[in-house]
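Source file: query.cif. Holds: mmCIF, C-alpha atoms and all ligand atoms.
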data_target
#
loop_
_atom_site.label_atom_id
_atom_site.label_comp_id
_atom_site.auth_asym_id
_atom_site.auth_seq_id
_atom_site.Cartn_x
_atom_site.Cartn_y
_atom_site.Cartn_z
CA MET A 1 -7.11 -8.07 20.31
CA THR A 2 -3.98 -6.03 20.92
CA LYS A 3 -2.94 -3.13 18.70
CA PRO A 4 -3.18 -3.97 14.99
CA VAL A 5 0.03 -4.51 13.02
CA VAL A 6 0.32 -1.58 10.61
CA VAL A 7 2.05 -1.96 7.23
CA ALA A 8 2.51 1.22 5.17
CA VAL A 9 3.50 1.08 1.51
CA ALA A 10 5.20 4.28 0.41
CA ASN A 11 7.46 5.99 -2.10
CA ARG A 12 7.32 9.65 -3.12
CA LYS A 13 7.40 8.51 -6.75
CA GLY A 14 4.21 7.46 -8.54
CA GLY A 15 3.95 4.35 -10.69
CA VAL A 16 6.33 2.16 -8.65
CA GLY A 17 3.57 -0.26 -7.71
CA LYS A 18 2.58 1.03 -4.27
CA SER A 19 -1.14 0.46 -4.77
CA ALA A 20 -0.70 -2.97 -6.35
CA THR A 21 1.57 -3.94 -3.46
CA ALA A 22 -0.76 -2.61 -0.75
CA GLU A 23 -3.69 -4.42 -2.31
CA SER A 24 -1.89 -7.76 -2.55
CA ILE A 25 -0.46 -7.50 0.97
CA ALA A 26 -3.96 -6.73 2.29
CA LEU A 27 -5.38 -9.80 0.52
CA ILE A 28 -2.57 -11.97 1.88
CA LEU A 29 -3.16 -10.76 5.45
CA ALA A 30 -6.96 -10.97 5.16
CA GLU A 31 -6.56 -14.70 4.58
CA LEU A 32 -5.24 -14.86 8.13
CA ALA A 33 -7.27 -12.32 10.13
CA PRO A 34 -9.52 -9.25 9.89
CA THR A 35 -7.69 -6.60 7.89
CA LEU A 36 -8.30 -2.97 6.98
CA ILE A 37 -6.74 -1.31 3.96
CA ILE A 38 -6.59 2.48 4.15
CA ASP A 39 -6.42 4.33 0.85
CA LEU A 40 -4.59 7.61 1.47
CA ASP A 41 -4.07 8.50 -2.17
CA GLN A 42 -6.52 10.95 -3.69
CA GLN A 43 -6.22 8.99 -6.94
CA GLY A 44 -8.20 6.28 -5.17
CA THR A 45 -6.65 3.40 -7.11
CA VAL A 46 -7.15 0.86 -4.34
CA SER A 47 -10.70 2.12 -3.74
CA SER A 48 -11.64 1.70 -7.42
CA ILE A 49 -10.49 -1.89 -7.36
CA LEU A 50 -11.55 -2.99 -3.88
CA CYS A 51 -14.51 -0.79 -3.00
CA PRO A 52 -16.04 1.21 -5.88
CA GLU A 53 -19.47 1.00 -4.20
CA HIS A 54 -18.32 3.26 -1.38
CA LYS A 55 -15.76 5.46 -3.08
CA ASP A 56 -17.92 8.52 -2.64
CA GLU A 57 -19.10 8.09 0.92
CA ASN A 58 -17.19 8.86 4.12
CA THR A 59 -13.62 8.65 2.87
CA SER A 60 -10.15 8.81 4.43
CA ALA A 61 -10.59 12.60 4.18
CA SER A 62 -12.34 12.23 7.56
CA LEU A 63 -8.83 12.02 9.03
CA TYR A 64 -8.72 15.79 8.55
CA LYS A 65 -11.86 16.33 10.61
CA LYS A 66 -11.87 17.08 14.31
CA PRO A 67 -11.94 14.54 15.81
CA ALA A 68 -10.28 12.44 13.12
CA PHE A 69 -12.06 9.20 12.26
CA LEU A 70 -12.08 6.36 9.73
CA SER A 71 -15.04 4.70 8.02
CA ALA A 72 -14.54 1.16 6.82
CA TYR A 73 -16.58 -0.62 4.15
CA PRO A 74 -16.53 -4.28 3.12
CA ALA A 75 -14.09 -4.99 0.29
CA THR A 76 -15.44 -6.56 -2.90
CA GLN A 77 -14.00 -7.72 -6.18
CA ARG A 78 -15.23 -8.69 -9.61
CA ALA A 79 -16.65 -12.20 -9.52
CA ALA A 80 -15.60 -13.38 -13.00
CA LEU A 81 -13.85 -12.24 -16.17
CA ASP A 82 -17.12 -11.74 -18.04
CA THR A 83 -19.20 -9.98 -15.42
CA ALA A 84 -19.27 -6.72 -13.55
CA ASP A 85 -20.94 -8.48 -10.61
CA ARG A 86 -18.94 -8.23 -7.45
CA VAL A 87 -18.38 -10.58 -4.51
CA MET A 88 -17.27 -9.81 -0.97
CA ILE A 89 -13.71 -10.46 0.06
CA GLU A 90 -13.78 -12.10 3.44
CA ASN A 91 -12.03 -10.39 6.36
CA LEU A 92 -11.18 -7.23 4.41
CA HIS A 93 -12.49 -3.70 4.86
CA VAL A 94 -11.52 -0.53 3.02
CA SER A 95 -11.24 3.10 4.03
CA THR A 96 -11.69 4.71 0.64
CA ALA A 97 -10.21 7.81 -1.00
CA ASN A 98 -11.12 10.15 -3.80
CA LYS A 99 -10.39 13.74 -4.85
CA GLU A 100 -11.99 14.94 -1.62
CA LEU A 101 -8.71 14.08 0.08
CA GLU A 102 -6.84 16.52 -2.11
CA GLY A 103 -9.37 19.30 -1.51
CA ILE A 104 -9.44 18.89 2.23
CA GLN A 105 -5.64 18.74 2.43
CA LYS A 106 -5.41 22.07 0.67
CA MET A 107 -7.84 23.65 3.12
CA ALA A 108 -6.57 22.02 6.29
CA THR A 109 -4.30 24.05 8.48
CA GLY A 110 -2.56 22.88 11.63
CA ILE A 111 -3.43 19.24 10.95
CA SER A 112 -2.01 16.91 13.55
CA ILE A 113 0.14 14.08 12.29
CA PHE A 114 -1.48 12.06 15.10
CA GLY A 115 -4.87 12.01 13.30
CA LEU A 116 -4.49 8.53 11.90
CA GLN A 117 -3.05 7.20 15.16
CA LYS A 118 -6.12 8.45 17.03
CA ALA A 119 -8.53 7.15 14.40
CA ILE A 120 -6.87 3.72 14.48
CA SER A 121 -6.97 3.50 18.25
CA ALA A 122 -10.76 3.92 18.09
CA ILE A 123 -11.09 0.80 15.88
CA LYS A 124 -8.10 -1.16 17.12
CA ASP A 125 -10.11 -4.13 18.37
CA GLU A 126 -11.68 -4.77 14.98
CA TYR A 127 -8.55 -5.55 12.95
CA LYS A 128 -5.42 -7.58 13.37
CA TYR A 129 -3.75 -5.97 10.34
CA ILE A 130 -3.90 -2.52 8.77
CA VAL A 131 -2.34 -1.81 5.38
CA ILE A 132 -1.90 1.77 4.18
CA ASP A 133 -1.51 2.84 0.55
CA CYS A 134 0.38 6.13 0.81
CA PRO A 135 0.13 9.01 -1.66
CA PRO A 136 3.17 9.91 -3.78
CA ASN A 137 3.13 13.54 -2.70
CA GLY A 138 4.65 13.63 0.77
CA SER A 139 1.52 15.26 2.18
CA ASP A 140 0.28 15.25 5.76
CA ALA A 141 -1.51 12.03 4.91
CA GLN A 142 1.86 10.37 4.31
CA SER A 143 3.21 11.80 7.58
CA MET A 144 0.20 10.40 9.45
CA ALA A 145 0.99 6.99 7.98
CA LEU A 146 4.67 7.26 8.91
CA MET A 147 3.59 7.95 12.50
CA VAL A 148 1.74 4.65 12.81
CA ALA A 149 3.63 2.22 10.57
CA ASP A 150 5.20 -0.82 12.22
CA TYR A 151 6.45 -1.91 8.82
CA LEU A 152 7.35 0.41 5.96
CA LEU A 153 7.49 -1.29 2.57
CA VAL A 154 9.19 0.74 -0.16
CA PRO A 155 8.90 -0.51 -3.73
CA VAL A 156 11.47 0.83 -6.19
CA THR A 157 11.83 0.19 -9.90
CA HIS A 158 14.78 0.58 -12.28
CA ASP A 159 13.76 4.20 -12.77
CA MET A 160 16.27 6.35 -10.88
CA SER A 161 13.52 8.76 -9.89
CA SER A 162 11.98 5.97 -7.82
CA MET A 163 15.24 5.91 -5.83
CA GLU A 164 14.92 9.66 -5.35
CA GLY A 165 11.34 9.06 -4.24
CA ALA A 166 12.68 6.65 -1.61
CA ASP A 167 15.29 9.20 -0.47
CA GLU A 168 12.58 11.84 -0.05
CA LEU A 169 10.43 9.38 1.87
CA PHE A 170 13.27 8.68 4.33
CA THR A 171 13.82 12.42 4.77
CA ASP A 172 10.12 12.73 5.68
CA LEU A 173 10.42 9.73 8.00
CA ASN A 174 13.36 11.33 9.84
CA VAL A 175 11.18 14.32 10.68
CA VAL A 176 8.20 12.24 11.80
CA ILE A 177 10.27 9.75 13.76
CA GLU A 178 11.08 12.36 16.43
CA ASN A 179 7.49 11.88 17.59
CA ARG A 180 7.72 8.09 17.79
CA ASP A 181 9.08 5.73 20.42
CA SER A 182 10.73 3.44 17.91
CA ALA A 183 11.46 3.23 14.21
CA PRO A 184 9.42 1.08 11.82
CA THR A 185 10.93 -2.03 10.26
CA ILE A 186 11.86 -0.97 6.72
CA GLY A 187 11.98 -3.16 3.62
CA ILE A 188 12.97 -1.84 0.21
CA PHE A 189 12.41 -4.17 -2.72
CA LEU A 190 12.80 -4.07 -6.47
CA ASN A 191 9.33 -4.11 -7.99
CA ILE A 192 7.89 -4.96 -11.42
CA VAL A 193 11.23 -6.56 -12.36
CA SER A 194 11.30 -7.68 -15.99
CA HIS A 195 13.77 -9.61 -18.12
CA GLN A 196 13.81 -6.84 -20.69
CA SER A 197 15.06 -4.35 -18.11
CA ARG A 198 17.45 -6.77 -16.41
CA SER A 199 20.54 -4.57 -16.70
CA ALA A 200 18.65 -1.47 -15.55
CA TYR A 201 17.45 -3.39 -12.50
CA ALA A 202 20.99 -4.61 -11.81
CA ILE A 203 22.11 -0.97 -11.65
CA ALA A 204 19.15 -0.08 -9.44
CA ARG A 205 20.01 -2.92 -7.05
CA THR A 206 23.59 -1.68 -6.77
CA VAL A 207 22.41 1.85 -5.99
CA VAL A 208 20.02 0.69 -3.27
CA GLU A 209 22.63 -1.72 -1.89
CA GLN A 210 25.14 1.10 -1.50
CA LYS A 211 22.70 3.53 0.07
CA TYR A 212 20.46 1.32 2.17
CA PRO A 213 22.17 -2.06 2.64
CA GLN A 214 20.30 -2.63 5.91
CA TYR A 215 16.88 -2.23 4.30
CA LEU A 216 17.26 -3.93 0.91
CA LEU A 217 15.35 -7.21 0.69
CA ASP A 218 16.73 -10.01 -1.46
CA ILE A 219 13.25 -10.78 -2.75
CA GLU A 220 12.27 -9.16 -6.04
CA VAL A 221 8.68 -8.79 -7.24
CA PRO A 222 8.51 -9.74 -10.91
CA HIS A 223 6.66 -8.07 -13.72
CA GLN A 224 3.79 -10.22 -14.84
CA GLY A 225 1.60 -9.36 -17.80
CA THR A 226 -1.50 -10.60 -16.02
CA ALA A 227 -0.78 -8.26 -13.10
CA ALA A 228 -1.01 -5.25 -15.40
CA THR A 229 -4.05 -6.62 -17.25
CA ALA A 230 -5.75 -7.37 -13.95
CA ARG A 231 -5.58 -3.84 -12.74
CA SER A 232 -6.65 -2.25 -16.00
CA ALA A 233 -9.77 -4.43 -15.80
CA TYR A 234 -10.39 -3.52 -12.13
CA PHE A 235 -9.36 -6.91 -10.80
CA THR A 236 -7.05 -7.61 -7.92
CA THR A 237 -3.86 -9.21 -9.21
CA ALA A 238 -4.56 -12.37 -7.22
CA ALA A 239 -8.18 -12.72 -8.37
CA TYR A 240 -7.31 -12.23 -12.02
CA ALA A 241 -4.53 -14.79 -11.86
CA LYS A 242 -6.88 -17.30 -10.27
CA LEU A 243 -9.67 -16.66 -12.80
CA SER A 244 -7.30 -16.96 -15.74
CA GLY A 245 -5.73 -20.12 -14.32
CA ARG A 246 -2.28 -18.75 -13.57
CA LYS A 247 -0.33 -18.42 -10.39
CA SER A 248 0.40 -14.81 -9.51
CA LYS A 249 4.17 -14.53 -9.25
CA PRO A 250 4.01 -10.98 -7.82
CA VAL A 251 1.64 -12.12 -5.06
CA GLU A 252 3.87 -15.14 -4.28
CA ALA A 253 6.89 -12.84 -3.96
CA LEU A 254 4.96 -10.50 -1.65
CA LYS A 255 4.01 -13.51 0.50
CA GLU A 256 7.73 -14.22 0.86
CA ILE A 257 8.31 -10.61 1.89
CA VAL A 258 5.55 -10.84 4.52
CA GLN A 259 7.25 -13.98 5.90
CA LYS A 260 10.76 -12.61 5.75
CA LEU A 261 9.83 -9.46 7.69
CA LYS A 262 7.76 -11.56 10.13
CA ILE A 263 4.79 -9.25 9.62
CA THR A 264 2.45 -11.98 10.84
CA GLY A 265 4.70 -12.63 13.80
CA GLU A 266 5.82 -16.15 12.79
N1 LIG A 301 4.08 -6.95 -10.73
C1 LIG A 301 3.57 -6.19 -11.70
N2 LIG A 301 3.61 -6.63 -12.99
C2 LIG A 301 3.12 -5.87 -14.00
N3 LIG A 301 2.56 -4.66 -13.83
C3 LIG A 301 2.48 -4.17 -12.59
C4 LIG A 301 2.96 -4.91 -11.46
N4 LIG A 301 2.75 -4.16 -10.34
C5 LIG A 301 2.16 -3.03 -10.76
N5 LIG A 301 2.00 -3.03 -12.10
C6 LIG A 301 1.41 -1.95 -12.92
O1 LIG A 301 2.22 -0.78 -12.77
C7 LIG A 301 1.42 0.38 -12.76
C8 LIG A 301 1.68 1.20 -11.50
O2 LIG A 301 1.25 0.46 -10.38
P1 LIG A 301 0.53 1.15 -9.13
O3 LIG A 301 0.38 0.12 -8.08
O4 LIG A 301 -0.70 1.87 -9.54
O5 LIG A 301 1.68 2.21 -8.71
P2 LIG A 301 1.64 3.44 -7.68
O6 LIG A 301 0.57 3.16 -6.69
O7 LIG A 301 3.00 3.45 -7.06
O8 LIG A 301 1.41 4.66 -8.47
C9 LIG A 301 -0.03 -0.08 -12.86
O9 LIG A 301 -0.45 0.02 -14.19
C10 LIG A 301 0.03 -1.53 -12.43
O10 LIG A 301 -1.00 -2.29 -13.02
MG MG A 302 -1.10 4.31 -6.22
#

Would you mind writing the file's structure down as structure tokens?
Amino acid sequence: MTKPVVVAVANRKGGVGKSATAESIALILAELAPTLIIDLDQQGTVSSILCPEHKDENTSASLYKKPAFLSAYPATQRAALDTADRVMIENLHVSTANKELEGIQKMATGISIFGLQKAISAIKDEYKYIVIDCPPNGSDAQSMALMVADYLLVPVTHDMSSMEGADELFTDLNVVIENRDSAPTIGIFLNIVSHQSRSAYAIARTVVEQKYPQYLLDIEVPHQGTAATARSAYFTTAAYAKLSGRKSKPVEALKEIVQKLKITGE
């Protein structure tokens, strides 16, 4: 295989749906080819949902070791609504995260932003796609992700601070990009869009349109009650929708985004 296609999901604001997005994109891509999702957030949201069995083993904190490396574990998910039993998700591995990431970041000095790039090149033949769930704190971990991303997906909500989070992210990207040969393909999209907040989202769209017309996608990811329920019960959005007999509108919208940006090359 050639170099994996790397999709990073980032915004310096928390709660905009980065983890939910990364998780769904990873599931979508894993239906096509071997995929790795890298949890770079010390909150470990993605790890709790996709790999609780290995949350406390070798984590993404290994990116701060010399030499930097990644450990990948098989992804699993809850098998049914009424059981804690878990089943494997085909074609998907997880590099997990927990509080260790925060501790090691505090201690690390002189960390190279190339750590993730090096770690990925060591496993590049194993995966066609790599999805990265970035932390909201603009840490070195985020910079490492910005170094390797071919695609940068930026969810924003109607909350103005999520727009500020996007601004801060692009400031970080401008620093990192000096070390890259080319810029990533960027897609900003309105996320968790609900009818109740329609006018707030209309304002948000106008703001993004004025600032980043070249990046704004015309696909919105809707709010869906089952998406929120899913994640509070440690289900992936897609699995919960399937088990409760509903189509996942957020996952369908993300599929459209994957197609629109030609992430799978078609
Ligand atoms: N499409 C959606 N519909 C409803 N709730 C959602 C949707 N996407 C995310 N959420 C909920 O929003 C909250 C924040 O999402 P999360 O992915 O954890 O954000 P972040 O990683 O940016 O902090 C979570 O409670 C999640 O379940
Ligand atoms: Mg998160």

Top pick for closest residue to Ala122 in chain A, considering A:Phe69, A:Glu57, A:Glu100, A:Arg86 and counting only C-alpha atoms: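 Nearest to Ala122 in chain A: A:Phe69.
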
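Reported to one decimal place, the separation of CA of Ser199 in chain A from CA of Val258 in chain A is 26.7 Å.
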
Residue contacts of Asp159 in chain A (12 Å, all atoms listed in the file) excluding same-chain residues fewer than 6 positions away, as number ranges by chain: A: 13-16, 165-166, 190-193, 197, 199-205, 207-208

Would you write out those residues with C-alpha atoms, as a compact mmCIF listing (two decimals), in the coordinates of the input?
# COMPACT_ATOMS: atom_id res chain seq x y z
CA LYS A 13 7.40 8.51 -6.75
CA GLY A 14 4.21 7.46 -8.54
CA GLY A 15 3.95 4.35 -10.69
CA VAL A 16 6.33 2.16 -8.65
CA GLY A 165 11.34 9.06 -4.24
CA ALA A 166 12.68 6.65 -1.61
CA LEU A 190 12.80 -4.07 -6.47
CA ASN A 191 9.33 -4.11 -7.99
CA ILE A 192 7.89 -4.96 -11.42
CA VAL A 193 11.23 -6.56 -12.36
CA SER A 197 15.06 -4.35 -18.11
CA SER A 199 20.54 -4.57 -16.70
CA ALA A 200 18.65 -1.47 -15.55
CA TYR A 201 17.45 -3.39 -12.50
CA ALA A 202 20.99 -4.61 -11.81
CA ILE A 203 22.11 -0.97 -11.65
CA ALA A 204 19.15 -0.08 -9.44
CA ARG A 205 20.01 -2.92 -7.05
CA VAL A 207 22.41 1.85 -5.99
CA VAL A 208 20.02 0.69 -3.27

10 Å contact set for Ala108 in chain A, only C-alpha atoms, chain neighbours under 5 positions out, as a ChimeraX atom specification: /A:64-65,103,140

Residues of chain A at most 9 Å from ligand MG 302 (chain A): nearest atom pair and distance in Å, all atoms listed in the file, as a Markdown table:
| residue | atom | partner | partner_atom | distance |
| --- | --- | --- | --- | --- |
| A:Gly14 | CA | A:MG302 | MG | 6.6 |
| A:Gly15 | CA | A:MG302 | MG | 6.7 |
| A:Val16 | CA | A:MG302 | MG | 8.1 |
| A:Gly17 | CA | A:MG302 | MG | 6.7 |
| A:Lys18 | CA | A:MG302 | MG | 5.3 |
| A:Ser19 | CA | A:MG302 | MG | 4.1 |
| A:Ala20 | CA | A:MG302 | MG | 7.3 |
| A:Ala22 | CA | A:MG302 | MG | 8.8 |
| A:Asp39 | CA | A:MG302 | MG | 8.8 |
| A:Asp41 | CA | A:MG302 | MG | 6.5 |
| A:Gln42 | CA | A:MG302 | MG | 8.9 |
| A:Gln43 | CA | A:MG302 | MG | 7.0 |
| A:Gly44 | CA | A:MG302 | MG | 7.4 |
| A:Thr45 | CA | A:MG302 | MG | 5.7 |
| A:Val46 | CA | A:MG302 | MG | 7.2 |
| A:Asp133 | CA | A:MG302 | MG | 6.9 |
| A:Cys134 | CA | A:MG302 | MG | 7.4 |
| A:Pro135 | CA | A:MG302 | MG | 6.7 |
| A:Pro136 | CA | A:MG302 | MG | 7.5 |

Quick one: axis-aligned box around all listed atoms of range 142-149 of chain A, 6 Å on every side, centre and edge lengths in Å to one decimal, written as JSON.
{"center_x": 2.4, "center_y": 7.0, "center_z": 8.6, "size_x": 16.5, "size_y": 21.6, "size_z": 20.5}

Protein, DNA and RNA residues within 12 Å of (6.1, 5.8, 0.6), all atoms listed in the file, as a VMD selection string: chain A and resid 7 to 19 21 to 22 40 to 41 132 to 139 141 to 146 149 151 to 156 162 to 173 186 to 188

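Among A:Lys249, A:Lys55, A:Lys66, A:Arg180, the residue with the shortest atom-to-atom distance to ligand LIG 301 (chain A), counting only C-alpha atoms and all ligand atoms, is A:Lys249.
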
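Take CA of Leu254 in chain A and CA of Lys211 in chain A: the distance between them is 22.7 Å.
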
All residues 12 Å or closer to Val5 in chain A, all atoms listed in the file, same chain fewer than 5 positions away omitted, as a ChimeraX atom specification: /A:26,29,33-37,120-121,124-132,148-152,184-185,258,262-265

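The residue that comes closest to Ser112 in chain A, out of A:Thr157, A:Asn179, A:Thr83, A:Gln214 and on the basis of only C-alpha atoms, is A:Asn179.
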
Non-local contacts of Ala119 in chain A (8 Å; only C-alpha atoms; under 2 positions in same chain excluded) as a list in words: Leu63, Ala68, Phe69, Leu70, Gly115, Leu116, Gln117, Ser121, Ala122 and Ile123 of chain A

Limit the output to N, CA and C atoms and give range 81-101 of chain A as a short mmCIF file (atom, residue, chain, number, x, y, z; two decimals), in the first residue's frame.
data_model
loop_
_atom_site.label_atom_id
_atom_site.label_comp_id
_atom_site.auth_asym_id
_atom_site.auth_seq_id
_atom_site.Cartn_x
_atom_site.Cartn_y
_atom_site.Cartn_z
N LEU A 81 -28.38 -3.66 22.64
CA LEU A 81 -28.81 -2.62 23.59
C LEU A 81 -28.81 -3.13 25.02
N ASP A 82 -29.06 -4.44 25.19
CA ASP A 82 -29.24 -4.96 26.54
C ASP A 82 -28.05 -5.78 27.03
N THR A 83 -26.90 -5.57 26.44
CA THR A 83 -25.74 -6.32 26.91
C THR A 83 -24.48 -5.46 26.91
N ALA A 84 -23.58 -5.81 27.79
CA ALA A 84 -22.29 -5.12 27.81
C ALA A 84 -21.27 -5.88 26.95
N ASP A 85 -21.70 -7.04 26.42
CA ASP A 85 -20.80 -7.82 25.57
C ASP A 85 -20.38 -6.99 24.36
N ARG A 86 -19.18 -7.22 23.92
CA ARG A 86 -18.67 -6.41 22.83
C ARG A 86 -18.27 -7.28 21.64
N VAL A 87 -18.42 -6.73 20.44
CA VAL A 87 -18.01 -7.45 19.23
C VAL A 87 -16.97 -6.63 18.48
N MET A 88 -16.13 -7.32 17.74
CA MET A 88 -15.08 -6.63 16.97
C MET A 88 -15.69 -5.84 15.82
N ILE A 89 -15.09 -4.73 15.52
CA ILE A 89 -15.44 -3.98 14.31
C ILE A 89 -14.38 -4.32 13.28
N GLU A 90 -14.83 -4.85 12.15
CA GLU A 90 -13.88 -5.30 11.16
C GLU A 90 -13.08 -4.14 10.59
N ASN A 91 -11.81 -4.38 10.31
CA ASN A 91 -10.98 -3.39 9.60
C ASN A 91 -10.65 -2.13 10.40
N LEU A 92 -10.95 -2.12 11.71
CA LEU A 92 -10.68 -0.88 12.46
C LEU A 92 -9.83 -1.15 13.69
N HIS A 93 -8.74 -0.38 13.80
CA HIS A 93 -7.88 -0.43 14.98
C HIS A 93 -7.89 0.94 15.66
N VAL A 94 -7.50 0.92 16.94
CA VAL A 94 -7.52 2.17 17.72
C VAL A 94 -6.18 2.37 18.42
N SER A 95 -5.66 3.57 18.35
CA SER A 95 -4.57 3.98 19.24
C SER A 95 -5.25 4.78 20.34
N THR A 96 -5.21 4.27 21.55
CA THR A 96 -6.05 4.83 22.61
C THR A 96 -5.41 6.02 23.32
N ALA A 97 -6.21 6.68 24.15
CA ALA A 97 -5.69 7.80 24.96
C ALA A 97 -6.35 7.80 26.32
N ASN A 98 -5.62 8.29 27.28
CA ASN A 98 -6.17 8.51 28.62
C ASN A 98 -5.39 9.67 29.25
N LYS A 99 -5.55 9.85 30.53
CA LYS A 99 -4.90 10.98 31.22
C LYS A 99 -3.38 10.97 31.10
N GLU A 100 -2.83 9.79 30.77
CA GLU A 100 -1.38 9.69 30.63
C GLU A 100 -0.86 10.72 29.61
N LEU A 101 -1.69 10.96 28.60
CA LEU A 101 -1.31 11.90 27.55
C LEU A 101 -1.10 13.30 28.13
#
